[in-house]
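A.B. asks: Starting off with a structure, shown below.
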Protein chains: 2
Amino acid sequence: MINLVILGAGNVATHLAKAFSNAENVKLKQVYNHRPESLLSFKNFVPTTTDINQLEKADVYLIALKDDVISDVADQLKDNDALVLHTSGSVPLEALNRFKNHGVFYPVQTFSKKKEVNFREIPICLEANTAKNLEVLKELAAKISNKIYEIDSEQRKALHLAAVFVNNFTNHLYNLGAEICRKNEIPFDILKPLIRETVDKLESLTPQEAQTGPALRNDKQTISSHLEMLEPERQQLYKILTQSIQEFNGKKL
Amino acid sequence: MINLVILGAGNVATHLAKAFSNAENVKLKQVYNHRPESLLSFKNFVPTTTDINQLEKADVYLIALKDDVISDVADQLKDNDALVLHTSGSVPLEALNRFKNHGVFYPVQTFSKKKEVNFREIPICLEANTAKNLEVLKELAAKISNKIYEIDSEQRKALHLAAVFVNNFTNHLYNLGAEICRKNEIPFDILKPLIRETVDKLESLTPQEAQTGPALRNDKQTISSHLEMLEPERQQLYKILTQSIQEFNGKKL
């Protein structure tokens, strides 16, 4: 049995708390947050506190807070033998090195409070300061996920960067597609099966094999007719992405 | 019963021929292509020809060929009363106006020969030169899809542009994410659940509501640490996309 306390009440903390409260051989003892209103949704399934000096004794303290407050909150934890973890994609392991036992527990997913997720499918990237702590981390992660990876701090930083490309930037392109639809009175729903198929293809093809379109074909006529339809700032983005596709795939403009 | 001949043997023609050969009250009479080897995969379910002067008589001729050969092939069709259609996102309706009855039958999807698709879920955008022809088009489209839209040539051009953003450009971002993974010995599979969730969110949120990440938060520290990790040409793309997110969402750099 692993005794666990979670620090944080945001999207990551919420989904982790729910997953761990339903897991076997883990006792989620408490959730901490300094704002009482943020704890309301936790009260029906786990004890909570707003006082960091009133934390329950536990084997693992999991800090699921924004990057810029991880150190501050860690500094307020009593120094003890427990394993102290953070969940950030971009904060290095060393940020917690005042603790004898420390590690990183990074779930690679975008969480919304409203939307349920199946944690068993979410990759969790682990790093720890000792082999023994890594074993504890693996045991903990296996209680909620089937997809566990050992990833060091440098790799994790790269992974977080890659996640920005495939999640944040991609979602922005959905925004720009939706904007074009709006301006032309086209329902955005027309594009959703295409968006879904673009992702489904990744199950059987690499993204390089799946690439299609006017940039790859170097279809100058379509490219220039597209540029004519765009406002200057969107034109620039279209050009840079087109160039990037051609350069990536070894085509010449 | 609608008698149909398809001209073309590429990805779009292949999937349309399969869908129509299984549809009720449509008789797929023939598939034409000038290259005999392209017709091999059709021979087991539909008569084929490589001679455009040997086309069967039909109610509808569906030209599912590349944009730049649509006019050439159309010019070789005998002028008759049949309805002549093309399947292109970017070719205007008028490209077929030497035919008394003409229209556009544009399925909004990315097709791979190897990958099966469920045509009933694929949006088909229709346009015709008369109200009567539009009715025939609707009847034809309804035989294979549940998602039928009337879209004029200007809208279709805009839709094709939006499709480039959400499909071609998005897939390129998957490529760049995969490249970062490869360089850092991280399995790209770690990112797939995140990619899928980015799309799943569109079922319950608009892309604007779903936007997250360092650009939106204007998290300068993360942005500059990401830029440091990238090579110059990727840096430029990262910067432009970050600026575009901030400008789109009314944030200041």
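Letters for chains follow the order of the structure tokens (A, B, ...), residue numbers begin at 1 for each chain, and ligand numbers begin at 1 in the order shown.
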If you take only C-alpha atoms and a cut-off of 7 Å, which residues of chain A touch chain B, and what are their nearest atom pairs and distances in Å to one decimal, in chain and number order, as CSV?

C.D. replies:
residue,atom,partner,partner_atom,distance
A:Val108,CA,B:Leu194,CA,6.6
A:Gln109,CA,B:Leu194,CA,4.9
A:Thr110,CA,B:Leu194,CA,6.4
A:Ile122,CA,B:Pro193,CA,6.4
A:Pro123,CA,B:Ile190,CA,5.9
A:Gln155,CA,B:Asn184,CA,5.9
A:Ala158,CA,B:Ile180,CA,6.6
A:Leu159,CA,B:Cys181,CA,6.6
A:Leu161,CA,B:His226,CA,6.1
A:Ala162,CA,B:Gly177,CA,4.4
A:Ala163,CA,B:Leu191,CA,6.8
A:Val164,CA,B:Gly213,CA,6.9
A:Phe165,CA,B:Leu173,CA,5.7
A:Val166,CA,B:Tyr174,CA,5.4
A:Asn167,CA,B:Thr198,CA,6.0
A:Asn168,CA,B:Gly213,CA,5.8
A:Phe169,CA,B:Leu241,CA,6.6
A:Thr170,CA,B:Thr170,CA,5.4
A:Asn171,CA,B:Pro207,CA,6.1
A:His172,CA,B:Ile245,CA,6.4
A:Leu173,CA,B:Phe165,CA,5.7
A:Tyr174,CA,B:Val166,CA,5.4
A:Asn175,CA,B:Pro207,CA,5.2
A:Gly177,CA,B:Ala162,CA,4.4
A:Ile180,CA,B:Ala162,CA,6.0
A:Cys181,CA,B:Leu159,CA,6.6
A:Asn184,CA,B:Gln155,CA,6.0
A:Ile190,CA,B:Pro123,CA,5.9
A:Leu191,CA,B:Ala163,CA,6.8
A:Pro193,CA,B:Ile122,CA,6.4
A:Leu194,CA,B:Gln109,CA,4.9
A:Ile195,CA,B:Asn167,CA,6.1
A:Arg196,CA,B:Val199,CA,6.7
A:Thr198,CA,B:Asn167,CA,6.0
A:Val199,CA,B:Arg196,CA,6.7
A:Pro207,CA,B:Asn175,CA,5.2
A:Gln208,CA,B:Asn175,CA,6.1
A:Gln211,CA,B:Asn171,CA,6.3
A:Thr212,CA,B:Asn168,CA,6.1
A:Gly213,CA,B:Asn168,CA,5.8
A:His226,CA,B:Leu161,CA,6.1
A:Leu237,CA,B:Ile240,CA,6.7
A:Ile240,CA,B:Leu237,CA,6.7
A:Leu241,CA,B:Phe169,CA,6.6
A:Ile245,CA,B:His172,CA,6.4

A.B. asks: Can you tell me which residues surround B:Asn118 at a distance of at most 10 Å, considering only C-alpha atoms, apart from same-chain residues fewer than 6 positions away, and format the answer as a list in words?

C.D. replies: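 Everything that qualifies: His15, Ala19, Ile144 and Ser145 of chain B.
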
A.B. asks: If you run DSSP on the backbone here, which positions in stretch 84-253 of chain B get helix (DSSP H, G or I)? Please write them as a ChimeraX atom specification.

C.D. replies: /B:93-96,119-121,131-142,153-183,188-203,207-210,214-217,220-229,232-248

A.B. asks: Under the rule that only C-alpha atoms are counted, which of B:Tyr61, B:Glu231, B:Arg98, B:Glu37 is the nearest residue to B:Val84?

C.D. replies: B:Tyr61
